[in-house]
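Next comes target-v9.cif, with mmCIF, C-alpha atoms.
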```
data_model
#
loop_
_atom_site.label_atom_id
_atom_site.label_comp_id
_atom_site.auth_asym_id
_atom_site.auth_seq_id
_atom_site.Cartn_x
_atom_site.Cartn_y
_atom_site.Cartn_z
CA MET J 1 46.49 32.05 -15.74
CA LYS J 2 43.72 29.49 -15.66
CA LYS J 3 43.37 26.36 -17.74
CA GLY J 4 40.26 25.98 -19.87
CA VAL J 5 38.21 22.81 -20.14
CA LEU J 6 35.70 22.37 -22.94
CA ILE J 7 33.33 19.41 -22.66
CA VAL J 8 31.32 18.76 -25.81
CA ASN J 9 28.34 16.56 -26.53
CA LEU J 10 26.47 16.00 -29.78
CA GLY J 11 23.58 18.40 -29.26
CA THR J 12 19.84 18.65 -28.81
CA PRO J 13 16.99 20.71 -30.25
CA ASP J 14 16.12 23.92 -28.43
CA SER J 15 12.70 22.43 -27.78
CA GLN J 16 10.70 19.31 -28.60
CA LYS J 17 8.65 21.25 -31.17
CA THR J 18 8.83 20.23 -34.83
CA PRO J 19 10.47 23.46 -36.16
CA ASP J 20 13.28 23.23 -33.60
CA VAL J 21 13.77 19.52 -34.27
CA ARG J 22 13.89 20.20 -38.01
CA LYS J 23 16.50 22.92 -37.47
CA TYR J 24 18.59 20.58 -35.35
CA LEU J 25 18.39 17.74 -37.88
CA ARG J 26 19.47 20.01 -40.70
CA GLU J 27 22.57 21.22 -38.89
CA PHE J 28 23.44 17.76 -37.63
CA LEU J 29 22.98 15.86 -40.89
CA MET J 30 24.61 18.52 -43.07
CA ASP J 31 27.90 17.86 -41.28
CA GLU J 32 30.18 16.34 -43.91
CA ARG J 33 31.57 13.92 -41.35
CA VAL J 34 28.11 12.63 -40.39
CA ILE J 35 26.76 12.04 -43.90
CA ASP J 36 30.03 11.72 -45.77
CA ILE J 37 28.79 12.12 -49.32
CA PRO J 38 29.36 15.06 -51.71
CA PHE J 39 27.58 18.31 -50.83
CA TYR J 40 25.45 18.31 -53.98
CA LYS J 41 23.98 14.96 -52.89
CA ARG J 42 23.88 15.67 -49.16
CA TRP J 43 22.01 19.01 -49.39
CA PRO J 44 18.85 17.75 -51.16
CA LEU J 45 18.87 14.51 -49.19
CA VAL J 46 18.90 16.33 -45.85
CA ASN J 47 16.88 19.45 -46.64
CA LEU J 48 14.28 18.04 -49.02
CA ILE J 49 13.82 14.49 -47.74
CA ILE J 50 15.17 13.60 -44.29
CA ALA J 51 14.57 16.78 -42.27
CA PRO J 52 11.06 17.60 -43.57
CA PHE J 53 9.72 14.07 -43.18
CA ARG J 54 11.68 12.94 -40.12
CA ALA J 55 11.20 16.06 -37.97
CA PRO J 56 7.52 15.53 -37.04
CA LYS J 57 8.17 11.92 -36.04
CA SER J 58 11.33 12.83 -34.11
CA ALA J 59 9.47 15.63 -32.34
CA LYS J 60 7.03 13.07 -30.94
CA GLU J 61 9.98 11.01 -29.73
CA TYR J 62 11.57 14.04 -28.06
CA GLU J 63 8.29 14.62 -26.25
CA LYS J 64 8.89 11.30 -24.48
CA VAL J 65 12.26 12.30 -23.06
CA TRP J 66 11.63 16.01 -22.41
CA THR J 67 11.39 16.85 -18.71
CA GLU J 68 10.69 19.93 -16.63
CA ASN J 69 14.44 20.56 -16.96
CA GLY J 70 14.22 20.31 -20.74
CA SER J 71 16.45 17.99 -22.74
CA PRO J 72 18.15 15.37 -20.52
CA LEU J 73 21.27 15.59 -22.68
CA LEU J 74 21.55 19.31 -21.97
CA TYR J 75 20.56 18.94 -18.33
CA TYR J 76 23.22 16.32 -17.60
CA GLY J 77 25.73 18.30 -19.63
CA LEU J 78 25.19 21.34 -17.41
CA GLU J 79 25.30 19.18 -14.28
CA SER J 80 28.57 17.61 -15.43
CA LYS J 81 30.00 21.06 -16.13
CA LYS J 82 29.10 22.24 -12.62
CA LEU J 83 30.38 19.12 -10.87
CA LEU J 84 33.57 19.01 -12.91
CA GLN J 85 34.23 22.67 -12.09
CA GLU J 86 33.84 21.88 -8.38
CA ALA J 87 36.17 18.89 -8.68
CA LEU J 88 38.88 20.79 -10.59
CA GLY J 89 38.81 23.92 -8.48
CA ASP J 90 39.65 27.55 -9.21
CA GLU J 91 42.68 26.72 -11.32
CA TYR J 92 40.35 25.68 -14.14
CA VAL J 93 37.43 27.16 -16.06
CA VAL J 94 34.94 24.61 -17.42
CA ALA J 95 32.60 25.35 -20.34
CA LEU J 96 29.98 23.21 -22.09
CA GLY J 97 29.41 23.23 -25.84
CA MET J 98 27.21 21.23 -28.19
CA ARG J 99 28.44 20.29 -31.63
CA TYR J 100 25.02 21.20 -33.00
CA GLN J 101 22.68 23.89 -31.67
CA ASN J 102 22.98 25.41 -28.20
CA PRO J 103 25.08 26.12 -26.25
CA SER J 104 27.37 26.19 -29.26
CA ILE J 105 31.06 25.30 -29.27
CA GLN J 106 31.73 28.87 -30.37
CA SER J 107 29.96 30.36 -27.34
CA ALA J 108 31.81 27.97 -25.03
CA LEU J 109 35.18 28.86 -26.53
CA LEU J 110 34.42 32.58 -26.24
CA GLU J 111 33.55 32.00 -22.60
CA LEU J 112 36.96 30.43 -22.03
CA LYS J 113 38.67 33.15 -24.07
CA SER J 114 37.06 35.87 -21.95
CA LYS J 115 38.56 34.26 -18.85
CA GLY J 116 42.05 34.54 -20.32
CA VAL J 117 42.90 30.84 -20.34
CA ASN J 118 46.32 29.95 -21.71
CA GLU J 119 45.47 26.36 -22.61
CA ILE J 120 42.34 24.35 -23.35
CA VAL J 121 41.61 20.68 -22.84
CA VAL J 122 38.79 19.50 -25.09
CA VAL J 123 36.86 16.46 -23.91
CA PRO J 124 34.31 15.22 -26.47
CA LEU J 125 31.72 13.19 -24.55
CA PHE J 126 32.08 10.22 -26.90
CA PRO J 127 34.04 7.35 -25.29
CA GLN J 128 34.87 5.60 -28.57
CA TYR J 129 36.51 7.65 -31.31
CA ALA J 130 34.60 8.12 -34.56
CA SER J 131 35.10 10.63 -37.34
CA ALA J 132 31.40 11.56 -37.20
CA THR J 133 31.55 12.48 -33.51
CA THR J 134 34.96 13.12 -31.95
CA GLY J 135 36.50 13.92 -35.33
CA SER J 136 33.77 16.45 -36.06
CA VAL J 137 34.27 18.17 -32.67
CA THR J 138 38.03 18.34 -33.24
CA GLN J 139 37.57 19.86 -36.69
CA LYS J 140 35.08 22.46 -35.42
CA VAL J 141 37.27 23.56 -32.52
CA MET J 142 40.29 23.91 -34.80
CA GLU J 143 38.28 25.94 -37.32
CA LEU J 144 37.20 28.36 -34.60
CA VAL J 145 40.47 28.90 -32.70
CA LYS J 146 42.71 29.21 -35.76
CA ASP J 147 41.58 32.81 -36.28
CA TRP J 148 42.29 33.94 -32.71
CA GLN J 149 45.15 36.43 -32.40
CA VAL J 150 46.55 34.37 -29.55
CA VAL J 151 45.95 30.66 -30.13
CA PRO J 152 46.22 28.75 -26.84
CA ASP J 153 47.64 25.29 -26.42
CA VAL J 154 44.79 22.93 -27.26
CA THR J 155 44.72 19.28 -26.19
CA PHE J 156 42.09 16.84 -27.42
CA ILE J 157 41.06 13.76 -25.46
CA GLN J 158 40.22 11.61 -28.45
CA HIS J 159 38.98 8.46 -26.70
CA TYR J 160 38.66 6.89 -23.29
CA HIS J 161 36.67 3.73 -23.94
CA ARG J 162 39.06 1.67 -21.81
CA HIS J 163 39.51 4.11 -18.93
CA PRO J 164 39.13 2.10 -15.70
CA LEU J 165 36.72 4.57 -14.09
CA PHE J 166 34.55 4.70 -17.21
CA ILE J 167 34.35 0.91 -17.27
CA LYS J 168 33.85 0.55 -13.52
CA THR J 169 31.01 3.07 -13.40
CA PHE J 170 29.04 1.39 -16.17
CA ALA J 171 29.60 -1.98 -14.53
CA GLU J 172 28.34 -0.73 -11.16
CA LEU J 173 25.22 0.73 -12.76
CA GLY J 174 24.39 -2.70 -14.16
CA GLN J 175 25.30 -4.67 -11.06
CA LYS J 176 22.35 -3.29 -9.09
CA TYR J 177 19.98 -4.85 -11.64
CA LEU J 178 21.91 -8.13 -11.75
CA ARG J 179 21.62 -8.37 -7.98
CA GLU J 180 17.84 -8.03 -8.22
CA THR J 181 17.16 -10.33 -11.19
CA ASN J 182 18.81 -13.36 -12.72
CA TYR J 183 18.98 -12.15 -16.33
CA ASP J 184 19.29 -14.67 -19.14
CA HIS J 185 21.47 -12.39 -21.21
CA VAL J 186 23.19 -8.97 -21.31
CA ILE J 187 23.22 -6.91 -24.49
CA PHE J 188 25.61 -4.04 -25.32
CA SER J 189 24.03 -1.88 -28.02
CA PHE J 190 26.25 0.82 -29.52
CA HIS J 191 25.32 3.53 -31.97
CA GLY J 192 26.00 2.32 -35.48
CA LEU J 193 27.99 3.84 -38.34
CA PRO J 194 28.10 3.13 -42.08
CA GLU J 195 30.68 0.47 -42.90
CA ARG J 196 32.39 2.86 -45.31
CA GLN J 197 33.30 5.20 -42.43
CA ILE J 198 35.02 2.39 -40.54
CA ILE J 199 36.93 1.34 -43.66
CA LYS J 200 37.96 4.94 -44.46
CA ALA J 201 39.46 5.27 -40.96
CA ASP J 202 41.43 2.05 -41.31
CA ILE J 203 45.19 2.22 -40.86
CA ASP J 204 47.54 -0.12 -42.72
CA THR J 205 44.67 -2.38 -43.89
CA CYS J 206 44.22 -3.95 -40.46
CA CYS J 207 40.43 -3.84 -40.80
CA LYS J 208 38.57 -7.09 -41.43
CA LEU J 209 35.13 -5.63 -41.14
CA ARG J 210 32.84 -8.32 -42.41
CA GLY J 211 32.01 -10.97 -39.88
CA GLU J 212 32.34 -10.64 -36.13
CA SER J 213 35.14 -13.20 -36.03
CA GLY J 214 37.24 -11.10 -38.39
CA CYS J 215 37.13 -7.91 -36.31
CA VAL J 216 40.19 -7.19 -34.21
CA LYS J 217 38.59 -6.43 -30.86
CA LYS J 218 41.66 -5.96 -28.72
CA ALA J 219 43.61 -2.72 -28.52
CA TYR J 220 46.88 -2.22 -30.31
CA PRO J 221 48.37 0.88 -31.97
CA LYS J 222 46.93 0.29 -35.43
CA ASN J 223 43.29 -0.01 -34.38
CA THR J 224 43.03 2.38 -31.45
CA PHE J 225 40.78 4.64 -33.51
CA CYS J 226 38.62 1.89 -35.00
CA TYR J 227 35.15 2.61 -33.67
CA ARG J 228 33.83 -0.93 -34.09
CA SER J 229 36.82 -2.49 -32.38
CA ALA J 230 36.60 0.05 -29.53
CA CYS J 231 32.94 -0.84 -29.00
CA PHE J 232 33.75 -4.54 -28.72
CA GLU J 233 36.55 -3.73 -26.30
CA THR J 234 34.27 -1.54 -24.16
CA ALA J 235 31.72 -4.35 -23.93
CA ASP J 236 34.39 -6.93 -23.11
CA LEU J 237 35.83 -4.81 -20.31
CA ILE J 238 32.43 -4.10 -18.74
CA ALA J 239 31.57 -7.80 -19.05
CA GLN J 240 34.81 -8.70 -17.26
CA GLU J 241 33.84 -6.38 -14.40
CA LEU J 242 30.43 -8.07 -14.29
CA LYS J 243 32.12 -11.51 -14.42
CA LEU J 244 30.14 -12.54 -17.49
CA SER J 245 31.21 -15.38 -19.75
CA LYS J 246 31.36 -14.89 -23.53
CA GLU J 247 28.07 -16.75 -23.88
CA GLN J 248 26.26 -14.42 -21.49
CA TYR J 249 26.47 -11.21 -23.54
CA SER J 250 26.20 -9.88 -27.08
CA VAL J 251 27.51 -6.76 -28.85
CA CYS J 252 25.40 -5.05 -31.51
CA PHE J 253 24.77 -1.71 -33.25
CA GLN J 254 21.65 0.45 -33.39
CA SER J 255 20.21 3.52 -35.16
CA ARG J 256 20.80 2.49 -38.75
CA LEU J 257 19.79 5.17 -41.29
CA GLY J 258 19.40 4.62 -45.02
CA LYS J 259 20.02 1.58 -47.20
CA ASP J 260 23.82 1.44 -47.18
CA PRO J 261 25.35 -1.35 -45.06
CA TRP J 262 26.14 -0.31 -41.49
CA ILE J 263 28.36 -2.10 -39.03
CA GLN J 264 26.87 -5.33 -37.77
CA PRO J 265 25.34 -7.19 -36.08
CA TYR J 266 22.24 -5.00 -35.99
CA THR J 267 20.64 -4.65 -32.57
CA GLU J 268 17.12 -5.52 -33.72
CA ASP J 269 18.33 -8.76 -35.34
CA VAL J 270 20.18 -9.77 -32.18
CA ILE J 271 17.11 -9.07 -30.03
CA VAL J 272 14.82 -11.13 -32.25
CA ASN J 273 17.26 -14.05 -32.22
CA LEU J 274 17.60 -13.89 -28.43
CA ALA J 275 13.83 -13.85 -27.89
CA LYS J 276 13.13 -16.61 -30.39
CA GLY J 277 16.00 -18.60 -28.91
CA GLY J 278 14.26 -18.73 -25.54
CA LYS J 279 15.83 -15.82 -23.67
CA LYS J 280 13.15 -14.36 -21.42
CA SER J 281 15.01 -11.58 -19.58
CA VAL J 282 17.66 -9.22 -20.97
CA LEU J 283 19.69 -6.41 -19.39
CA ALA J 284 20.51 -3.76 -21.99
CA TYR J 285 23.46 -1.35 -22.03
CA SER J 286 24.13 1.54 -24.43
CA PRO J 287 27.75 2.48 -23.60
CA ALA J 288 28.39 4.78 -26.56
CA PHE J 289 26.43 7.43 -24.65
CA VAL J 290 27.51 9.03 -21.37
CA ALA J 291 24.15 10.77 -20.82
CA ASP J 292 20.62 9.52 -21.34
CA CYS J 293 18.99 10.79 -24.50
CA LEU J 294 16.61 9.79 -27.28
CA GLU J 295 18.80 6.87 -28.37
CA THR J 296 19.00 5.35 -24.90
CA THR J 297 15.67 6.12 -23.22
CA VAL J 298 13.39 5.70 -26.24
CA GLU J 299 15.25 3.56 -28.77
CA VAL J 300 16.85 1.05 -26.40
CA GLY J 301 14.57 1.45 -23.41
CA GLU J 302 11.21 1.42 -25.21
CA GLU J 303 11.40 0.47 -28.88
CA TYR J 304 13.73 -2.51 -28.43
CA LYS J 305 11.72 -3.58 -25.40
CA GLU J 306 8.68 -3.86 -27.68
CA VAL J 307 10.67 -5.87 -30.23
CA PHE J 308 11.85 -8.24 -27.50
CA GLU J 309 8.35 -8.78 -26.09
CA GLU J 310 6.74 -9.16 -29.52
CA ASN J 311 9.08 -12.07 -30.20
CA GLY J 312 8.54 -13.92 -26.93
CA GLY J 313 10.69 -12.07 -24.41
CA GLU J 314 9.27 -11.13 -21.03
CA HIS J 315 11.58 -8.75 -19.13
CA TRP J 316 13.75 -6.01 -20.68
CA GLN J 317 15.74 -3.60 -18.50
CA LEU J 318 17.77 -0.62 -19.70
CA VAL J 319 20.85 0.36 -17.70
CA GLU J 320 20.94 4.13 -17.39
CA SER J 321 23.87 6.16 -18.70
CA LEU J 322 26.62 7.72 -16.60
CA ASN J 323 24.76 11.06 -16.42
CA ASP J 324 26.08 12.89 -13.31
CA HIS J 325 27.41 9.84 -11.44
CA PRO J 326 30.21 10.91 -9.02
CA GLN J 327 32.61 8.30 -10.37
CA TRP J 328 32.03 9.55 -13.93
CA ILE J 329 32.94 13.06 -12.79
CA GLU J 330 36.06 11.56 -11.24
CA CYS J 331 36.85 10.00 -14.62
CA LEU J 332 36.45 13.36 -16.38
CA THR J 333 38.68 14.97 -13.77
CA ASP J 334 41.33 12.35 -14.38
CA LEU J 335 41.18 12.93 -18.13
CA VAL J 336 41.48 16.69 -17.79
CA LYS J 337 44.43 16.55 -15.41
CA GLY J 338 46.36 14.46 -17.88
CA ASN J 339 46.69 11.16 -16.07
CA GLN J 340 46.89 9.51 -19.45
CA SER J 341 48.67 6.38 -18.28
CA LYS J 342 45.28 4.97 -17.39
CA VAL J 343 43.82 5.88 -20.74
CA LEU J 344 46.62 4.74 -23.00
CA GLU J 345 47.50 1.52 -21.22
CA LEU J 346 46.66 -1.37 -23.50
CA GLN J 347 44.55 -3.86 -21.60
CA THR J 348 45.35 -7.31 -22.91
CA ASN J 349 43.66 -9.46 -20.32
#
```
Go ahead and express the file in the form of structure tokens.
Amino acid sequence: MKKGVLIVNLGTPDSQKTPDVRKYLREFLMDERVIDIPFYKRWPLVNLIIAPFRAPKSAKEYEKVWTENGSPLLYYGLESKKLLQEALGDEYVVALGMRYQNPSIQSALLELKSKGVNEIVVVPLFPQYASATTGSVTQKVMELVKDWQVVPDVTFIQHYHRHPLFIKTFAELGQKYLRETNYDHVIFSFHGLPERQIIKADIDTCCKLRGESGCVKKAYPKNTFCYRSACFETADLIAQELKLSKEQYSVCFQSRLGKDPWIQPYTEDVIVNLAKGGKKSVLAYSPAFVADCLETTVEVGEEYKEVFEENGGEHWQLVESLNDHPQWIECLTDLVKGNQSKVLELQTN
């Protein structure tokens, strides 16, 4: 019997048109793990305020990233599925699902079920664990398979933000730019989350959220699933590969939504301070994403570039995501085959 592999990314609208974007936003934001407030508050907020007013603007943004192959997130997801299948061989069956919209997790699981797999490895394409991403995928998969007459063994890869191949690939993508230009600074911008979600996930009150100096950035059993700490660790490990000193890079968080406090420092504030402080050239990473999408190409690559230049900066360069890089496929292969010693090893240097 074959082993099933389910790779899952966040999702993308079926098209860049406003109705499809609105549909996507409604499904995405109605997830109780994404906007973690009571249903009676979440429903009107999403369906009467956010989705109707945000969809037309977001549709224009999706126009910027849409290609002849459609959504880059879907395109690279399908490419990764194909390449991972080739790397794993006939012993495995690889399926791609999106947490929101198409191809759905349900359709991907049914594809694996039809092939008679006796176990499934689920790899959410989110390097750092968060309840709103990896946690949501885990919950959805469990909800779907629990009603099967024969429930297969299911293994979840919950995080891999310190996997050596993940770190090495991101570092190599940036090195080609560092060889061409002497950048004044490197910025690592991660997708943000509300502070309350970080605090709710805290174990044994180890979290000291407020203030960068208070955050435990190194890995140890109690904070393995702290998203903010994992982001700092990811940045530190990539910086070590790039041989950067602490003064040569910054860690920050983007995509804030609403008025509640989100994890800090905010990317826009860091960019303004860098530009006004005399930094003229910045290399920008977005290592919470393994495939280029709206948040990397448009938000980091274009919008933050404008902020940097408006405040005195001159050269802003986005480092592309892992996409279908061969070494990234090797990393996925390693995760699927269960070589967890690389993933779970606590890197203390």
Of the candidates J:Val21, J:Val122, J:Leu45, J:Val94, which shows the shortest atom-to-atom distance to Lys2 (chain J), using all atoms listed in the file?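 Ranked by minimum distance to Lys2 (chain J), first place goes to J:Val94.
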Quick one: residues within 7 Å of (25.6, 15.2, -34.9) (file frame), counting all atoms listed in the file, please, as a list in words.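 Here is the list of nearby residues: Leu10, Gly11, Phe28, Leu29, Val34, Arg99, Tyr100 and Thr133 of chain J.
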Counting all atoms listed in the file, which residues of region 192-305 of chain J sit at most 9 Å from some atom of region 161-182 of chain J, and what is each one's closest atom pair with its distance in Å to one decimal, listed by chain and rising residue number, as a Markdown table?
```
| residue | atom | partner | partner_atom | distance |
| --- | --- | --- | --- | --- |
| J:Ala230 | CA | J:His161 | CA | 6.7 |
| J:Cys231 | CA | J:His161 | CA | 7.8 |
| J:Glu233 | CA | J:Arg162 | CA | 7.5 |
| J:Thr234 | CA | J:His161 | CA | 5.8 |
| J:Ala235 | CA | J:Ile167 | CA | 8.9 |
| J:Leu237 | CA | J:Ile167 | CA | 6.6 |
| J:Ile238 | CA | J:Ala171 | CA | 5.5 |
| J:Ala239 | CA | J:Ala171 | CA | 7.6 |
| J:Gln240 | CA | J:Ala171 | CA | 8.9 |
| J:Glu241 | CA | J:Ala171 | CA | 6.1 |
| J:Leu242 | CA | J:Ala171 | CA | 6.2 |
| J:Ser281 | CA | J:Asn182 | CA | 8.0 |
| J:Leu283 | CA | J:Tyr177 | CA | 7.9 |
| J:Ala284 | CA | J:Gly174 | CA | 8.8 |
| J:Tyr285 | CA | J:Gly174 | CA | 8.0 |
| J:Pro287 | CA | J:Phe170 | CA | 7.6 |
| J:Ala288 | CA | J:His161 | CA | 8.7 |
```
May I have the protein, DNA and RNA residues with an atom at most 7 Å from (29.6, 5.1, -25.0), counting all atoms listed in the file in the file's coordinates, returned as a list of chain:residue names?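 Looking at atoms near the point gives J:Phe126, J:Pro127, J:Gln128, J:Ser286, J:Pro287, J:Ala288, J:Phe289, J:Val290.
With all atoms listed in the file as the atoms that count, the minimum distance from Lys200 (chain J) to the choices J:Ser131, J:Thr224, J:Gln317, J:Gln327 is reached by J:Ser131.
Contact shell of Arg26 (chain J) at 9 Å (all atoms listed in the file; same-chain neighbours under 5 positions omitted): J:Val21, J:Asp31, J:Val46, J:Asn47, J:Ile50, J:Ala51.
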Residues picked by the PyMOL selection byres ((chain J and resi 71-75) around 10) here, as JSON, numbers by chain? {"J": [9, 10, 11, 12, 13, 14, 15, 16, 62, 63, 65, 66, 67, 68, 69, 70, 76, 77, 78, 79, 80, 81, 96, 97, 98, 102, 103, 289, 290, 291, 292, 293, 294, 297, 323, 324]}
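Separating CA of Ser250 (chain J) from CA of Gln197 (chain J) is a distance of 22.7 Å.
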Pick the closest to Leu112 (chain J) from J:Cys226, J:Ala95, J:Tyr129, J:Leu244: which is it, counting all atoms listed in the file?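 Nearest candidate to Leu112 (chain J) out of J:Cys226, J:Ala95, J:Tyr129, J:Leu244: J:Ala95.
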Written as JSON, numbers by chain, what is the full residue list that the PyMOL selection byres ((chain J and resi 308) around 12) yields on the file shown? {"J": [187, 267, 268, 269, 270, 271, 272, 273, 274, 275, 276, 277, 278, 279, 280, 281, 282, 283, 284, 300, 301, 302, 303, 304, 305, 306, 307, 309, 310, 311, 312, 313, 314, 315, 316, 317]}
Just give me the gap between CA of Phe232 (chain J) and CA of Arg33 (chain J) in Å, one decimal is fine. 22.5 Å
Quick one, how far is CA of Pro124 (chain J) from CA of Asp202 (chain J)? 21.1 Å
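Closest approach to Trp43 (chain J) among J:Glu119, J:Glu27, J:Asp153, J:Asp184 is made by J:Glu27 (distances from all atoms listed in the file).
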Option closest in space to Gln149 (chain J), from J:Gly89, J:Lys23, J:Lys3, J:Lys113 [counting only C-alpha atoms]: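 Looking only at the distances to Gln149 (chain J), the closest residue turns out to be J:Lys113.
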Tell me which of J:Ile199, J:Leu318, J:Val137, J:Val93 sits closest to Met1 (chain J), counting only C-alpha atoms.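 Answer, going by the shortest atom-to-atom distance: J:Val93.
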At a cut-off of 12 Å, using all atoms listed in the file, what residues contact Leu257 (chain J)? Leave out same-chain residues fewer than 3 positions from it and give the result as an NGL selection string. :J and (29 or 34-35 or 50 or 54 or 191-195 or 253-254 or 260-263 or 266)
